[in-house]
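> File entry-v8.cif below, mmCIF, C-alpha atoms; chains and numbers go by the auth columns:
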```cif
data_coords
loop_
_atom_site.group_PDB
_atom_site.id
_atom_site.type_symbol
_atom_site.label_atom_id
_atom_site.label_comp_id
_atom_site.label_asym_id
_atom_site.label_seq_id
_atom_site.Cartn_x
_atom_site.Cartn_y
_atom_site.Cartn_z
_atom_site.B_iso_or_equiv
_atom_site.auth_seq_id
_atom_site.auth_asym_id
ATOM 1 C CA MET A 1 17.149 18.829 3.803 0.00 1 A
ATOM 2 C CA LYS A 2 15.394 18.663 0.436 0.00 2 A
ATOM 3 C CA PRO A 3 14.770 15.139 -0.856 0.00 3 A
ATOM 4 C CA PRO A 4 16.407 14.386 -4.211 0.00 4 A
ATOM 5 C CA VAL A 5 13.870 13.392 -6.860 0.00 5 A
ATOM 6 C CA SER A 6 14.016 12.294 -10.468 0.00 6 A
ATOM 7 C CA ALA A 7 12.092 14.024 -13.245 0.00 7 A
ATOM 8 C CA HIS A 8 12.457 11.163 -15.718 0.00 8 A
ATOM 9 C CA PRO A 9 9.377 8.949 -16.258 0.00 9 A
ATOM 10 C CA PRO A 10 9.709 5.334 -17.408 0.00 10 A
ATOM 11 C CA THR A 11 8.853 4.386 -20.970 0.00 11 A
ATOM 12 C CA ARG A 12 6.275 1.715 -20.067 0.00 12 A
ATOM 13 C CA CYS A 13 3.671 1.028 -17.406 0.00 13 A
ATOM 14 C CA SER A 14 5.060 -1.280 -14.732 0.00 14 A
ATOM 15 C CA VAL A 15 1.706 -3.063 -14.397 0.00 15 A
ATOM 16 C CA CYS A 16 0.398 -3.676 -17.917 0.00 16 A
ATOM 17 C CA GLY A 17 3.416 -2.817 -20.069 0.00 17 A
ATOM 18 C CA SER A 18 1.655 -0.136 -22.108 0.00 18 A
ATOM 19 C CA SER A 19 3.764 2.691 -23.544 0.00 19 A
ATOM 20 C CA ASP A 20 0.784 5.052 -23.294 0.00 20 A
ATOM 21 C CA LEU A 21 1.966 7.031 -20.266 0.00 21 A
ATOM 22 C CA ARG A 22 0.561 10.495 -19.692 0.00 22 A
ATOM 23 C CA ALA A 23 1.581 13.340 -17.403 0.00 23 A
ATOM 24 C CA PHE A 24 -0.981 13.522 -14.589 0.00 24 A
ATOM 25 C CA GLY A 25 0.322 16.591 -12.769 0.00 25 A
ATOM 26 C CA ASP A 26 2.647 17.342 -9.890 0.00 26 A
ATOM 27 C CA LYS A 27 2.567 18.268 -6.196 0.00 27 A
ATOM 28 C CA ASP A 28 5.003 19.666 -3.702 0.00 28 A
ATOM 29 C CA PHE A 29 6.663 16.921 -1.671 0.00 29 A
ATOM 30 C CA GLY A 30 5.226 18.427 1.503 0.00 30 A
ATOM 31 C CA GLU A 31 1.578 17.764 0.579 0.00 31 A
ATOM 32 C CA SER A 32 0.199 15.120 2.931 0.00 32 A
ATOM 33 C CA GLY A 33 -2.928 13.054 3.375 0.00 33 A
ATOM 34 C CA ALA A 34 -3.614 14.821 6.663 0.00 34 A
ATOM 35 C CA ASP A 35 -4.041 18.226 4.987 0.00 35 A
ATOM 36 C CA PRO A 36 -7.747 17.934 4.039 0.00 36 A
ATOM 37 C CA PHE A 37 -8.652 16.564 7.471 0.00 37 A
ATOM 38 C CA GLU A 38 -6.666 19.193 9.365 0.00 38 A
ATOM 39 C CA GLN A 39 -7.956 21.835 6.904 0.00 39 A
ATOM 40 C CA ARG A 40 -4.446 23.207 6.644 0.00 40 A
ATOM 41 C CA ARG A 41 -1.063 22.312 5.261 0.00 41 A
ATOM 42 C CA VAL A 42 0.596 20.176 7.935 0.00 42 A
ATOM 43 C CA PHE A 43 4.033 20.513 6.340 0.00 43 A
ATOM 44 C CA ALA A 44 5.422 23.638 4.706 0.00 44 A
ATOM 45 C CA ASP A 45 6.404 23.454 1.048 0.00 45 A
ATOM 46 C CA TYR A 46 9.691 21.673 0.447 0.00 46 A
ATOM 47 C CA GLY A 47 10.140 23.426 -2.862 0.00 47 A
ATOM 48 C CA VAL A 48 10.418 20.004 -4.523 0.00 48 A
ATOM 49 C CA ARG A 49 7.842 19.085 -7.154 0.00 49 A
ATOM 50 C CA VAL A 50 6.845 15.427 -7.448 0.00 50 A
ATOM 51 C CA ALA A 51 5.454 14.466 -10.857 0.00 51 A
ATOM 52 C CA TYR A 52 2.782 11.770 -11.275 0.00 52 A
ATOM 53 C CA HIS A 53 2.014 9.809 -14.436 0.00 53 A
ATOM 54 C CA GLN A 54 -0.981 7.730 -15.498 0.00 54 A
ATOM 55 C CA CYS A 55 -1.147 4.750 -17.817 0.00 55 A
ATOM 56 C CA GLY A 56 -3.666 5.372 -20.584 0.00 56 A
ATOM 57 C CA SER A 57 -4.493 1.660 -20.719 0.00 57 A
ATOM 58 C CA CYS A 58 -4.929 0.465 -17.101 0.00 58 A
ATOM 59 C CA ARG A 59 -4.940 3.884 -15.348 0.00 59 A
ATOM 60 C CA PHE A 60 -2.235 2.905 -12.877 0.00 60 A
ATOM 61 C CA THR A 61 -1.144 6.289 -11.488 0.00 61 A
ATOM 62 C CA PHE A 62 2.315 6.670 -10.028 0.00 62 A
ATOM 63 C CA SER A 63 5.406 8.772 -9.479 0.00 63 A
ATOM 64 C CA ALA A 64 8.828 7.756 -10.728 0.00 64 A
ATOM 65 C CA ALA A 65 10.462 10.514 -8.695 0.00 65 A
ATOM 66 C CA PHE A 66 11.821 8.043 -6.159 0.00 66 A
ATOM 67 C CA ASP A 67 13.094 5.338 -8.492 0.00 67 A
ATOM 68 C CA ASN A 68 16.670 5.863 -7.338 0.00 68 A
ATOM 69 C CA TRP A 69 15.877 5.940 -3.617 0.00 69 A
ATOM 70 C CA SER A 70 17.200 3.346 -1.217 0.00 70 A
ATOM 71 C CA PRO A 71 15.280 2.175 1.875 0.00 71 A
ATOM 72 C CA ALA A 72 17.509 4.538 3.859 0.00 72 A
ATOM 73 C CA ASP A 73 16.338 7.460 1.706 0.00 73 A
ATOM 74 C CA PHE A 74 12.705 6.606 2.448 0.00 74 A
ATOM 75 C CA GLU A 75 13.493 6.353 6.158 0.00 75 A
ATOM 76 C CA THR A 76 15.184 9.748 6.098 0.00 76 A
ATOM 77 C CA HIS A 77 12.624 11.693 4.094 0.00 77 A
ATOM 78 C CA VAL A 78 9.293 9.842 4.540 0.00 78 A
ATOM 79 C CA TYR A 79 9.203 7.259 7.350 0.00 79 A
ATOM 80 C CA ASN A 80 10.922 9.438 9.926 0.00 80 A
ATOM 81 C CA ASP A 81 9.756 10.755 13.304 0.00 81 A
ATOM 82 C CA ASP A 82 7.394 13.219 11.595 0.00 82 A
ATOM 83 C CA TYR A 83 5.610 10.575 9.530 0.00 83 A
ATOM 84 C CA VAL A 84 2.732 10.286 11.987 0.00 84 A
ATOM 85 C CA LEU A 85 1.879 13.954 11.336 0.00 85 A
ATOM 86 C CA SER A 86 0.923 12.969 7.797 0.00 86 A
ATOM 87 C CA ASP A 87 -1.190 9.990 8.928 0.00 87 A
ATOM 88 C CA LYS A 88 -2.389 10.220 12.529 0.00 88 A
ATOM 89 C CA PRO A 89 -4.521 7.012 12.437 0.00 89 A
ATOM 90 C CA PHE A 90 -1.352 5.056 11.573 0.00 90 A
ATOM 91 C CA LEU A 91 -0.155 4.438 15.139 0.00 91 A
ATOM 92 C CA SER A 92 -3.203 2.830 16.744 0.00 92 A
ATOM 93 C CA GLU A 93 -6.605 3.951 15.431 0.00 93 A
ATOM 94 C CA ARG A 94 -6.407 2.188 12.055 0.00 94 A
ATOM 95 C CA PRO A 95 -4.685 -1.031 13.189 0.00 95 A
ATOM 96 C CA LEU A 96 -7.099 -1.481 16.092 0.00 96 A
ATOM 97 C CA ARG A 97 -10.104 -0.826 13.873 0.00 97 A
ATOM 98 C CA ASN A 98 -8.842 -3.268 11.256 0.00 98 A
ATOM 99 C CA ALA A 99 -8.082 -5.885 13.908 0.00 99 A
ATOM 100 C CA ALA A 100 -11.684 -5.660 15.111 0.00 100 A
ATOM 101 C CA ILE A 101 -12.936 -6.151 11.537 0.00 101 A
ATOM 102 C CA VAL A 102 -10.757 -9.207 10.912 0.00 102 A
ATOM 103 C CA ALA A 103 -11.551 -10.690 14.330 0.00 103 A
ATOM 104 C CA GLY A 104 -15.249 -10.387 13.504 0.00 104 A
ATOM 105 C CA LEU A 105 -14.897 -11.947 10.065 0.00 105 A
ATOM 106 C CA TYR A 106 -12.761 -14.863 11.277 0.00 106 A
ATOM 107 C CA HIS A 107 -14.136 -15.405 14.777 0.00 107 A
ATOM 108 C CA ARG A 108 -15.125 -19.010 13.984 0.00 108 A
ATOM 109 C CA GLU A 109 -11.624 -19.783 12.681 0.00 109 A
ATOM 110 C CA ARG A 110 -9.876 -18.094 15.611 0.00 110 A
ATOM 111 C CA GLU A 111 -7.883 -21.200 16.566 0.00 111 A
ATOM 112 C CA SER A 112 -7.044 -22.395 13.067 0.00 112 A
ATOM 113 C CA VAL A 113 -6.290 -19.363 10.891 0.00 113 A
ATOM 114 C CA ASP A 114 -2.703 -18.136 10.516 0.00 114 A
ATOM 115 C CA ILE A 115 -2.496 -14.399 9.722 0.00 115 A
ATOM 116 C CA LEU A 116 0.346 -12.267 8.355 0.00 116 A
ATOM 117 C CA ASP A 117 0.045 -8.479 8.329 0.00 117 A
ATOM 118 C CA VAL A 118 2.323 -6.998 5.663 0.00 118 A
ATOM 119 C CA GLY A 119 3.382 -3.396 6.223 0.00 119 A
ATOM 120 C CA GLY A 120 1.947 -3.619 9.715 0.00 120 A
ATOM 121 C CA GLY A 121 3.856 -0.681 11.188 0.00 121 A
ATOM 122 C CA LYS A 122 4.787 -1.304 14.809 0.00 122 A
ATOM 123 C CA GLY A 123 2.693 -4.470 15.062 0.00 123 A
ATOM 124 C CA VAL A 124 -0.393 -3.084 16.815 0.00 124 A
ATOM 125 C CA PHE A 125 -2.795 -4.954 14.501 0.00 125 A
ATOM 126 C CA ALA A 126 -1.113 -8.336 15.001 0.00 126 A
ATOM 127 C CA GLN A 127 -0.764 -7.807 18.733 0.00 127 A
ATOM 128 C CA ALA A 128 -4.473 -7.006 19.077 0.00 128 A
ATOM 129 C CA LEU A 129 -5.349 -10.204 17.235 0.00 129 A
ATOM 130 C CA ARG A 130 -2.979 -12.270 19.358 0.00 130 A
ATOM 131 C CA GLU A 131 -4.636 -10.866 22.477 0.00 131 A
ATOM 132 C CA ALA A 132 -7.968 -12.001 20.995 0.00 132 A
ATOM 133 C CA GLY A 133 -6.667 -15.551 20.583 0.00 133 A
ATOM 134 C CA PHE A 134 -5.471 -15.510 16.962 0.00 134 A
ATOM 135 C CA SER A 135 -2.120 -16.489 15.483 0.00 135 A
ATOM 136 C CA ALA A 136 -0.868 -13.286 13.836 0.00 136 A
ATOM 137 C CA ALA A 137 2.521 -11.899 12.806 0.00 137 A
ATOM 138 C CA THR A 138 3.827 -8.679 11.264 0.00 138 A
ATOM 139 C CA ARG A 139 6.227 -7.817 8.470 0.00 139 A
ATOM 140 C CA ASP A 140 7.261 -4.186 7.952 0.00 140 A
ATOM 141 C CA LEU A 141 10.436 -3.009 6.233 0.00 141 A
ATOM 142 C CA TYR A 142 10.639 0.370 7.949 0.00 142 A
ATOM 143 C CA PHE A 143 9.095 0.034 11.383 0.00 143 A
ATOM 144 C CA MET A 144 9.504 -3.493 12.665 0.00 144 A
ATOM 145 C CA GLY A 145 11.269 -5.902 10.347 0.00 145 A
ATOM 146 C CA SER A 146 9.715 -9.364 10.140 0.00 146 A
ATOM 147 C CA GLU A 147 8.416 -11.833 12.704 0.00 147 A
ATOM 148 C CA VAL A 148 8.261 -14.668 10.165 0.00 148 A
ATOM 149 C CA ALA A 149 10.409 -16.466 7.612 0.00 149 A
ATOM 150 C CA ALA A 150 9.832 -15.723 3.938 0.00 150 A
ATOM 151 C CA THR A 151 9.028 -19.415 3.376 0.00 151 A
ATOM 152 C CA GLN A 152 6.167 -19.494 5.902 0.00 152 A
ATOM 153 C CA ARG A 153 2.655 -19.620 4.421 0.00 153 A
ATOM 154 C CA PHE A 154 -0.589 -18.167 5.762 0.00 154 A
ATOM 155 C CA ASP A 155 -4.346 -18.593 5.489 0.00 155 A
ATOM 156 C CA LEU A 156 -4.872 -14.836 5.519 0.00 156 A
ATOM 157 C CA ILE A 157 -2.505 -12.040 4.533 0.00 157 A
ATOM 158 C CA THR A 158 -3.601 -8.517 5.340 0.00 158 A
ATOM 159 C CA THR A 159 -1.999 -5.363 4.005 0.00 159 A
ATOM 160 C CA PHE A 160 -3.701 -2.122 4.997 0.00 160 A
ATOM 161 C CA GLU A 161 -2.728 1.110 3.237 0.00 161 A
ATOM 162 C CA VAL A 162 0.545 -0.332 1.966 0.00 162 A
ATOM 163 C CA ILE A 163 0.485 -0.980 -1.779 0.00 163 A
ATOM 164 C CA GLU A 164 0.326 2.760 -2.541 0.00 164 A
ATOM 165 C CA HIS A 165 3.732 3.089 -0.812 0.00 165 A
ATOM 166 C CA VAL A 166 5.402 0.504 -3.060 0.00 166 A
ATOM 167 C CA ARG A 167 7.443 1.912 -5.940 0.00 167 A
ATOM 168 C CA HIS A 168 5.881 1.403 -9.370 0.00 168 A
ATOM 169 C CA ASP A 169 8.797 -0.720 -10.553 0.00 169 A
ATOM 170 C CA GLN A 170 8.478 -3.001 -7.504 0.00 170 A
ATOM 171 C CA GLN A 171 4.721 -3.598 -7.693 0.00 171 A
ATOM 172 C CA GLN A 172 4.937 -6.947 -9.460 0.00 172 A
ATOM 173 C CA ALA A 173 7.604 -8.316 -7.118 0.00 173 A
ATOM 174 C CA TRP A 174 5.639 -7.100 -4.085 0.00 174 A
ATOM 175 C CA MET A 175 2.440 -8.809 -5.245 0.00 175 A
ATOM 176 C CA ALA A 176 4.362 -11.992 -6.105 0.00 176 A
ATOM 177 C CA ALA A 177 5.774 -12.030 -2.557 0.00 177 A
ATOM 178 C CA LEU A 178 2.239 -11.885 -1.143 0.00 178 A
ATOM 179 C CA ALA A 179 1.118 -14.751 -3.354 0.00 179 A
ATOM 180 C CA GLY A 180 4.238 -16.710 -2.406 0.00 180 A
ATOM 181 C CA GLN A 181 3.340 -16.619 1.286 0.00 181 A
ATOM 182 C CA LEU A 182 -0.318 -17.511 0.774 0.00 182 A
ATOM 183 C CA LYS A 183 -1.313 -21.122 1.427 0.00 183 A
ATOM 184 C CA THR A 184 -2.244 -23.107 -1.669 0.00 184 A
ATOM 185 C CA GLN A 185 -5.855 -23.781 -0.749 0.00 185 A
ATOM 186 C CA PRO A 186 -9.162 -22.350 -2.018 0.00 186 A
ATOM 187 C CA SER A 187 -9.974 -20.620 1.284 0.00 187 A
ATOM 188 C CA ALA A 188 -6.700 -18.638 1.435 0.00 188 A
ATOM 189 C CA ARG A 189 -7.167 -14.892 1.041 0.00 189 A
ATOM 190 C CA VAL A 190 -5.365 -11.569 0.843 0.00 190 A
ATOM 191 C CA LEU A 191 -7.165 -8.536 2.258 0.00 191 A
ATOM 192 C CA ILE A 192 -5.921 -5.222 0.855 0.00 192 A
ATOM 193 C CA SER A 193 -7.028 -1.735 1.764 0.00 193 A
ATOM 194 C CA THR A 194 -6.124 1.054 -0.651 0.00 194 A
ATOM 195 C CA GLU A 195 -8.135 3.772 -2.363 0.00 195 A
ATOM 196 C CA LEU A 196 -8.801 3.170 -6.063 0.00 196 A
ATOM 197 C CA ILE A 197 -8.465 6.085 -8.436 0.00 197 A
ATOM 198 C CA ALA A 198 -11.673 6.960 -10.295 0.00 198 A
ATOM 199 C CA PRO A 199 -11.916 8.295 -13.868 0.00 199 A
ATOM 200 C CA ASP A 200 -12.810 11.784 -12.608 0.00 200 A
ATOM 201 C CA HIS A 201 -9.953 12.083 -10.130 0.00 201 A
ATOM 202 C CA THR A 202 -7.312 14.710 -10.885 0.00 202 A
ATOM 203 C CA ILE A 203 -3.923 15.567 -9.396 0.00 203 A
ATOM 204 C CA GLY A 204 -5.853 17.425 -6.678 0.00 204 A
ATOM 205 C CA TRP A 205 -7.181 14.146 -5.226 0.00 205 A
ATOM 206 C CA TRP A 206 -6.111 13.985 -1.581 0.00 206 A
ATOM 207 C CA TYR A 207 -4.850 10.396 -1.780 0.00 207 A
ATOM 208 C CA LEU A 208 -2.005 11.441 -4.066 0.00 208 A
ATOM 209 C CA CYS A 209 0.149 12.722 -1.206 0.00 209 A
ATOM 210 C CA PRO A 210 3.949 12.586 -1.596 0.00 210 A
ATOM 211 C CA ARG A 211 4.781 13.276 2.061 0.00 211 A
ATOM 212 C CA ASN A 212 2.882 10.114 3.036 0.00 212 A
ATOM 213 C CA GLY A 213 4.813 8.118 0.460 0.00 213 A
ATOM 214 C CA HIS A 214 1.720 7.552 -1.690 0.00 214 A
ATOM 215 C CA ILE A 215 3.481 7.022 -4.991 0.00 215 A
ATOM 216 C CA SER A 216 1.552 4.133 -6.640 0.00 216 A
ATOM 217 C CA VAL A 217 -2.231 4.361 -6.841 0.00 217 A
ATOM 218 C CA HIS A 218 -4.306 1.726 -8.600 0.00 218 A
ATOM 219 C CA SER A 219 -7.477 1.670 -10.608 0.00 219 A
ATOM 220 C CA ALA A 220 -9.735 -1.371 -10.398 0.00 220 A
ATOM 221 C CA ARG A 221 -8.291 -2.550 -13.713 0.00 221 A
ATOM 222 C CA SER A 222 -4.613 -2.161 -12.770 0.00 222 A
ATOM 223 C CA LEU A 223 -5.060 -3.844 -9.394 0.00 223 A
ATOM 224 C CA GLY A 224 -6.901 -6.726 -11.044 0.00 224 A
ATOM 225 C CA LEU A 225 -4.136 -7.138 -13.640 0.00 225 A
ATOM 226 C CA LEU A 226 -1.445 -7.085 -10.978 0.00 226 A
ATOM 227 C CA ALA A 227 -3.248 -9.784 -9.006 0.00 227 A
ATOM 228 C CA SER A 228 -4.030 -12.012 -11.987 0.00 228 A
ATOM 229 C CA ALA A 229 -0.354 -12.039 -13.015 0.00 229 A
ATOM 230 C CA VAL A 230 0.377 -14.077 -9.860 0.00 230 A
ATOM 231 C CA GLY A 231 -2.711 -16.283 -9.991 0.00 231 A
ATOM 232 C CA LEU A 232 -5.065 -14.238 -7.810 0.00 232 A
ATOM 233 C CA ARG A 233 -8.532 -12.862 -8.515 0.00 233 A
ATOM 234 C CA LEU A 234 -9.697 -9.454 -7.310 0.00 234 A
ATOM 235 C CA PHE A 235 -13.001 -8.916 -5.492 0.00 235 A
ATOM 236 C CA SER A 236 -13.516 -5.309 -4.395 0.00 236 A
ATOM 237 C CA VAL A 237 -15.913 -4.765 -1.503 0.00 237 A
ATOM 238 C CA ASN A 238 -15.846 -1.003 -2.131 0.00 238 A
ATOM 239 C CA PRO A 239 -13.312 1.482 -3.586 0.00 239 A
ATOM 240 C CA SER A 240 -11.039 1.065 -0.563 0.00 240 A
ATOM 241 C CA MET A 241 -11.279 -2.614 0.537 0.00 241 A
ATOM 242 C CA HIS A 242 -10.374 -5.575 -1.652 0.00 242 A
ATOM 243 C CA TRP A 243 -10.096 -9.350 -1.391 0.00 243 A
ATOM 244 C CA LEU A 244 -7.671 -11.428 -3.444 0.00 244 A
ATOM 245 C CA ALA A 245 -8.321 -15.157 -3.780 0.00 245 A
ATOM 246 C CA PRO A 246 -6.543 -17.948 -5.670 0.00 246 A
ATOM 247 C CA ALA A 247 -7.843 -18.230 -9.219 0.00 247 A
ATOM 248 C CA ALA A 248 -9.889 -21.368 -9.856 0.00 248 A
#
```
Do you think you could lay out the structure here as structure tokens?


Amino acid sequence: MKPPVSAHPPTRCSVCGSSDLRAFGDKDFGESGADPFEQRRVFADYGVRVAYHQCGSCRFTFSAAFDNWSPADFETHVYNDDYVLSDKPFLSERPLRNAAIVAGLYHRERESVDILDVGGGKGVFAQALREAGFSAATRDLYFMGSEVAATQRFDLITTFEVIEHVRHDQQQAWMAALAGQLKTQPSARVLISTELIAPDHTIGWWYLCPRNGHISVHSARSLGLLASAVGLRLFSVNPSMHWLAPAA
């Protein structure tokens, strides 16, 4: 079944509001993030072209092809049984690696820090932390649901390889939800992993992969603007790992 996509871009950037939107190129829906690592196309062409656009002001790069999709559409065409073929580290390698990183960073606060993992898949990350003595819960729309109430607040919110899956027109609401569940104290943090687009990246960049659901890719500027709109400051450790902290 071919996924239905829209060819109509929005008139303004969903992050900064600029009307300077430019065509960035297009890819077949079947192109996945696993392709360069497998050195082959993991999925055959779907015969469906997915157009990407870039904001000339903040360089937020996104596709509007899925603006009319429901969560059920994403489950059918992206987050189905074949999803793991597009991202093999998703099941256990990445969550276990990230759990080890967080456990190392917060080992002295093991008994006091409350952690929420947003977009945590099947909960492997949170489970690994619980086994190490931490308080950790998961929230994932497609794979697990939520282990916590929306009103609960946390010292640390992690979200690994998630923001690029969020539709461009839902980015602000998604970031506001993170900020809304963060404790109102100076030590509270959000830890985000996502690859930032560089000025020399083109449509050929591997991270723009429709079959993975990578439809919203940030620049350092666009991610910083998105965070500041909800009272958070961005501190990037490198182009793929970023801290958000309450603004002073």

> Ranking A:Glu75, A:Glu195, A:Glu93, A:Asp114 by minimum distance to Glu161 in chain A and counting all atoms listed in the file, which one comes first?

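The answer is A:Glu195, which sits nearest to Glu161 in chain A.
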
> If you apply the PyMOL selection byres ((chain A and resi 54) around 12) to this file, what residues do you get, as a VMD selection string?

chain A and resid 9 to 16 18 to 26 51 to 53 55 to 64 168 197 to 199 201 to 203 215 to 219 222

> Hey, can you spit out that residue selection with C-alpha atoms as an mmCIF file, in the frame of the given file?


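So the final result, stored in part-v2.cif, reads:
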```cif
data_model
loop_
_atom_site.group_PDB
_atom_site.id
_atom_site.type_symbol
_atom_site.label_atom_id
_atom_site.label_comp_id
_atom_site.auth_asym_id
_atom_site.auth_seq_id
_atom_site.Cartn_x
_atom_site.Cartn_y
_atom_site.Cartn_z
ATOM 1 C CA PRO A 9 9.377 8.949 -16.258
ATOM 2 C CA PRO A 10 9.709 5.334 -17.408
ATOM 3 C CA THR A 11 8.853 4.386 -20.970
ATOM 4 C CA ARG A 12 6.275 1.715 -20.067
ATOM 5 C CA CYS A 13 3.671 1.028 -17.406
ATOM 6 C CA SER A 14 5.060 -1.280 -14.732
ATOM 7 C CA VAL A 15 1.706 -3.063 -14.397
ATOM 8 C CA CYS A 16 0.398 -3.676 -17.917
ATOM 9 C CA SER A 18 1.655 -0.136 -22.108
ATOM 10 C CA SER A 19 3.764 2.691 -23.544
ATOM 11 C CA ASP A 20 0.784 5.052 -23.294
ATOM 12 C CA LEU A 21 1.966 7.031 -20.266
ATOM 13 C CA ARG A 22 0.561 10.495 -19.692
ATOM 14 C CA ALA A 23 1.581 13.340 -17.403
ATOM 15 C CA PHE A 24 -0.981 13.522 -14.589
ATOM 16 C CA GLY A 25 0.322 16.591 -12.769
ATOM 17 C CA ASP A 26 2.647 17.342 -9.890
ATOM 18 C CA ALA A 51 5.454 14.466 -10.857
ATOM 19 C CA TYR A 52 2.782 11.770 -11.275
ATOM 20 C CA HIS A 53 2.014 9.809 -14.436
ATOM 21 C CA CYS A 55 -1.147 4.750 -17.817
ATOM 22 C CA GLY A 56 -3.666 5.372 -20.584
ATOM 23 C CA SER A 57 -4.493 1.660 -20.719
ATOM 24 C CA CYS A 58 -4.929 0.465 -17.101
ATOM 25 C CA ARG A 59 -4.940 3.884 -15.348
ATOM 26 C CA PHE A 60 -2.235 2.905 -12.877
ATOM 27 C CA THR A 61 -1.144 6.289 -11.488
ATOM 28 C CA PHE A 62 2.315 6.670 -10.028
ATOM 29 C CA SER A 63 5.406 8.772 -9.479
ATOM 30 C CA ALA A 64 8.828 7.756 -10.728
ATOM 31 C CA HIS A 168 5.881 1.403 -9.370
ATOM 32 C CA ILE A 197 -8.465 6.085 -8.436
ATOM 33 C CA ALA A 198 -11.673 6.960 -10.295
ATOM 34 C CA PRO A 199 -11.916 8.295 -13.868
ATOM 35 C CA HIS A 201 -9.953 12.083 -10.130
ATOM 36 C CA THR A 202 -7.312 14.710 -10.885
ATOM 37 C CA ILE A 203 -3.923 15.567 -9.396
ATOM 38 C CA ILE A 215 3.481 7.022 -4.991
ATOM 39 C CA SER A 216 1.552 4.133 -6.640
ATOM 40 C CA VAL A 217 -2.231 4.361 -6.841
ATOM 41 C CA HIS A 218 -4.306 1.726 -8.600
ATOM 42 C CA SER A 219 -7.477 1.670 -10.608
ATOM 43 C CA SER A 222 -4.613 -2.161 -12.770
#
```

> Apply the PyMOL selection byres ((chain A and resi 145) around 12) to the structure shown and report the selected residues as a PyMOL selection string.

chain A and resi 117-123+137-144+146-150

> So the first atom is CA of Ser70 in chain A and the second is CA of Tyr46 in chain A; what is the distance between them in Å, to one decimal place?

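Spanning CA of Ser70 in chain A to CA of Tyr46 in chain A is a straight-line distance of 19.9 Å.
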
> Please write as a list in words the list of polymer residues whose atoms come within 10 Å of (-8.3, 9.6, 10.6), counting only C-alpha atoms and keeping to the coordinates of the file.

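The requested residues, written out, are Gly33, Ala34, Phe37, Glu38, Asp87, Lys88, Pro89, Phe90, Glu93 and Arg94 of chain A.
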
> What is the distance, in Å and to one decimal place, between CA of Leu178 in chain A and CA of Ala247 in chain A?

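Here the two named atoms are 14.4 Å from each other.
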
> On this structure, the PyMOL selection byres ((chain A and resi 128) around 12) would catch which residues? List them as a PyMOL selection string, sorted by chain and number.

chain A and resi 92-103+117+120+122-127+129-138

> May I have the centre and edge lengths, in Å to one decimal, of an axis-aligned box around the listed atoms of range 228-239 of chain A with 3 Å added to every side, as JSON?


```
{"center_x": -7.8, "center_y": -7.4, "center_z": -7.3, "size_x": 22.3, "size_y": 23.8, "size_z": 17.5}
```

> Could you jot down the CA of Tyr106 in chain A to CA of Arg221 in chain A separation for me, Å, one decimal place?

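CA of Arg221 in chain A lies 28.2 Å from CA of Tyr106 in chain A.
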
> What lies within 10 Å of Gln171 in chain A using only C-alpha atoms, ignoring chain neighbours under 3 positions off, as a CSV table (one decimal) with C-alpha atoms, in the frame of the given file?


```csv
chain,number,residue,atom,x,y,z
A,14,SER,CA,5.1,-1.3,-14.7
A,15,VAL,CA,1.7,-3.1,-14.4
A,163,ILE,CA,0.5,-1.0,-1.8
A,164,GLU,CA,0.3,2.8,-2.5
A,165,HIS,CA,3.7,3.1,-0.8
A,166,VAL,CA,5.4,0.5,-3.1
A,167,ARG,CA,7.4,1.9,-5.9
A,168,HIS,CA,5.9,1.4,-9.4
A,174,TRP,CA,5.6,-7.1,-4.1
A,175,MET,CA,2.4,-8.8,-5.2
A,176,ALA,CA,4.4,-12.0,-6.1
A,177,ALA,CA,5.8,-12.0,-2.6
A,216,SER,CA,1.6,4.1,-6.6
A,223,LEU,CA,-5.1,-3.8,-9.4
A,226,LEU,CA,-1.4,-7.1,-11.0
```

> Just checking: using only C-alpha atoms, which residue out of A:Ala72, A:Ala7, A:Val42, A:Ala227 ends up closest to Ile192 in chain A?

A:Ala227

> For a quick check of understanding, using all atoms listed in the file, which of A:Asp67, A:Asp35, A:Asp45, A:Glu109 has the smallest distance to His8 in chain A?

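The closest residue to His8 in chain A is A:Asp67.
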
> Counting only C-alpha atoms, which of A:Leu208, A:Leu91, A:Leu232, A:Ala220 gets nearest to Thr184 in chain A?

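Ranking A:Leu208, A:Leu91, A:Leu232, A:Ala220 by distance to Thr184 in chain A, first place goes to A:Leu232.
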